[in-house]
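Have a look at the structure below before the remarks.
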Amino acid sequence: MRLIVHNMLQCHVKGCDSNNFPLQLSDVELEIHEIEYNHEFLQSLLTKLDWKAFVATAEQIGITSLPQTFPEEIDEDFLKKLHRILFETHIVEGKMICSNCSHEYPIRDGIPNMLLNEEELE
Amino acid sequence: MSRPEHQAPPEIYYNDEEARKYTSNTRIQSVQADLTYRALELLNLPENEPAFLLDIGCGSGLSGEILDEEGHMWIGMDISPSMLRDLFLQDVGQGMGFRPGTFDGAISISVLQWLCNADHSSHNPKSRLTRFFSTLYSSLRRGARAVFQFYPENDHQCELIMNAAMRCGFEGGLVIDYPNSKKAKKYFLCLFAGQIPIEDGKPKMPKALGVDGEDEPNTIIYSSQRIQERQRTKGKQRKSIKEKDWVMHKKEVARMKGTKSVPLDSKYTARKRKPKF
């Protein structure tokens, strides 16, 4: 799972609708898979990105080189770095924990398991 | 043939064996590809702009490959682990956890009919559909579309699905391609999540294919020789069996047998009578 995807995810246990984003990462294993850099695409996704959550998540997995607020001026180098973190960094193993209801979503072989138990649907 | 959703729940039905068919069988691949292209067309995305799409029931990613080719980014989800590549393990009937306004569109090929089943005692199709559509609605950008290709079992099922979608705020309806054909008939549920105010008011429903008697696409090449033969001679006049030769032969045989009342041969033998009026 890539960080861009993590930035879109929130807990969907029924009744858990505040403070359910972002999911906290723990025990993660990372892998880098390089893909082609697409400037246009990155730009269009930046408008959708929740920057604060993204920085917080990056810190949890040991990436501390991001500024706390989105910089006014952005250059190519910065975008390349973002591309690296957003699109090429994969979380292979680990779990995501909701900070509100503390439900754990395991990640195995790079696939997050978003299935819920029956009692969490009531 | 019985419907797959009657045989087992999806996570069991689509085992490794069944999933392999989807990646090795070219017939299945071409059908899936056609459906995906049609669904994309119905999505009506702005041209030459990469969009962020959701593929519900992505399986082994057949439709995703097409989305990649068209230059879109997509996230896929499926309930069956055998079908997955690098995506999400999720039961869509439990709802989806995406931030509001994430996607520019959603497509789903042959999934909705699975949601109408109750595979566990705790499953209630109606509430699962409602949960699915309401979480989908919130994860779509205003004005985005969702296109679902599905195989409804009967009218009742259609109605159940439509009602659930409308109750969650979606607008739109069914587009039925080739409604008069048995094989090419396809159902697409076309939903609008809210709308961007535009000049001519409501978003228009896309037009279905093959409504005005257009021919269905004949993409299947039959291997059986007999069927090919039949297709080739279709439309041409077949030679009548009771030609002059045949009649003459019959008369000859009758004479040899000694039948008395065999008419004489003439130029009128084996000719058709003129119509009286």
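Chain identifiers are assigned as A, B, and so on, following the order in which chains appear in the structure tokens; residues are numbered from 1 within each chain, and ligands are numbered from 1 in order of appearance.
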Checklist entry - Within 9 Å of chain B, which residues of chain A show up when using only C-alpha atoms, listed as a VMD selection string? => result chain A and resid 1 5 7 to 14 21 40 to 41 44 to 45 48 109 to 116 118 121
List every residue of region 35-178 of chain B that DSSP, applied to the backbone, labels as alpha helix (DSSP H), and write the result as a tab-separated table (two decimals) with C-alpha atoms, in the first residue's frame.
chain	number	residue	atom	x	y	z
B	35	LEU	CA	-17.40	-3.75	-20.45
B	36	THR	CA	-14.68	-1.57	-18.96
B	37	TYR	CA	-14.39	0.62	-22.05
B	38	ARG	CA	-18.14	1.06	-22.13
B	39	ALA	CA	-18.23	1.90	-18.42
B	40	LEU	CA	-15.46	4.47	-18.94
B	41	GLU	CA	-17.43	6.00	-21.78
B	42	LEU	CA	-20.47	6.27	-19.54
B	43	LEU	CA	-18.37	7.89	-16.79
B	62	LEU	CA	-8.13	-6.67	-15.67
B	63	SER	CA	-10.16	-3.49	-15.78
B	64	GLY	CA	-7.43	-1.67	-13.91
B	65	GLU	CA	-4.96	-2.33	-16.71
B	66	ILE	CA	-7.30	-0.51	-19.06
B	67	LEU	CA	-7.61	2.40	-16.65
B	68	ASP	CA	-3.81	2.56	-16.54
B	69	GLU	CA	-3.66	2.64	-20.32
B	112	LEU	CA	-23.78	-5.51	-7.58
B	113	GLN	CA	-25.64	-8.78	-8.01
B	114	TRP	CA	-23.37	-10.34	-5.38
B	115	LEU	CA	-24.53	-7.77	-2.86
B	125	PRO	CA	-29.00	-7.32	1.44
B	126	LYS	CA	-30.99	-4.15	1.89
B	127	SER	CA	-28.87	-2.74	4.68
B	128	ARG	CA	-25.65	-3.86	2.97
B	129	LEU	CA	-26.65	-2.06	-0.23
B	130	THR	CA	-27.58	1.04	1.75
B	131	ARG	CA	-24.29	1.04	3.61
B	132	PHE	CA	-22.39	0.52	0.37
B	133	PHE	CA	-24.10	3.32	-1.52
B	134	SER	CA	-23.98	5.81	1.34
B	135	THR	CA	-20.24	5.37	1.93
B	136	LEU	CA	-19.65	5.47	-1.81
B	137	TYR	CA	-21.65	8.68	-2.10
B	138	SER	CA	-19.53	10.42	0.47
B	139	SER	CA	-16.24	9.26	-1.00
B	155	ASP	CA	-36.87	-6.93	-11.96
B	156	HIS	CA	-37.24	-7.11	-8.22
B	157	GLN	CA	-33.47	-7.13	-7.77
B	158	CYS	CA	-33.12	-4.16	-10.11
B	159	GLU	CA	-35.65	-2.25	-8.09
B	160	LEU	CA	-33.97	-3.14	-4.80
B	161	ILE	CA	-30.62	-1.81	-6.02
B	162	MET	CA	-32.06	1.34	-7.58
B	163	ASN	CA	-34.08	2.18	-4.48
B	164	ALA	CA	-31.06	1.76	-2.22
B	165	ALA	CA	-28.99	4.07	-4.45
B	166	MET	CA	-31.65	6.76	-4.71
B	167	ARG	CA	-32.23	6.73	-0.98
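Between CA of Asn117 (chain B) and CA of Ser30 (chain B) the interatomic distance comes to 27.3 Å.
Using only C-alpha atoms, the residues found no farther than 7 Å from region 77-86 of chain A, other than those of its own chain fewer than 3 positions away, are Arg2, Leu3, Ile4, Tyr37, Ile74 and Thr89 of chain A.
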Could you save those same residues with C-alpha atoms as a tab-separated table (two decimals), in the first residue's frame?
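Below is the file again.tsv, written as the result:
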chain	number	residue	atom	x	y	z
A	2	ARG	CA	1.28	3.41	-0.91
A	3	LEU	CA	1.16	6.48	1.27
A	4	ILE	CA	-1.09	8.29	-1.19
A	37	TYR	CA	7.42	10.44	-12.60
A	74	ILE	CA	7.55	24.49	-4.88
A	89	THR	CA	7.17	3.97	-0.91
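Between CA of Leu42 (chain A) and CA of Asn20 (chain A) there is a distance of 25.5 Å.
Compared by their closest atoms to Ile176 (chain B), and using only C-alpha atoms, the residues B:Ile12, B:Leu45, B:Leu209, B:Val147 rank with B:Leu209 nearest.
CA of Leu23 (chain A) is found 9.3 Å from CA of Lys95 (chain A).
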Checklist entry - Counting only C-alpha atoms, what is within 7 Å of region 50-59 of chain A, bar same-chain residues fewer than 5 positions away, as a PyMOL selection string? => result chain A and resi 7+22+64+66+68+70
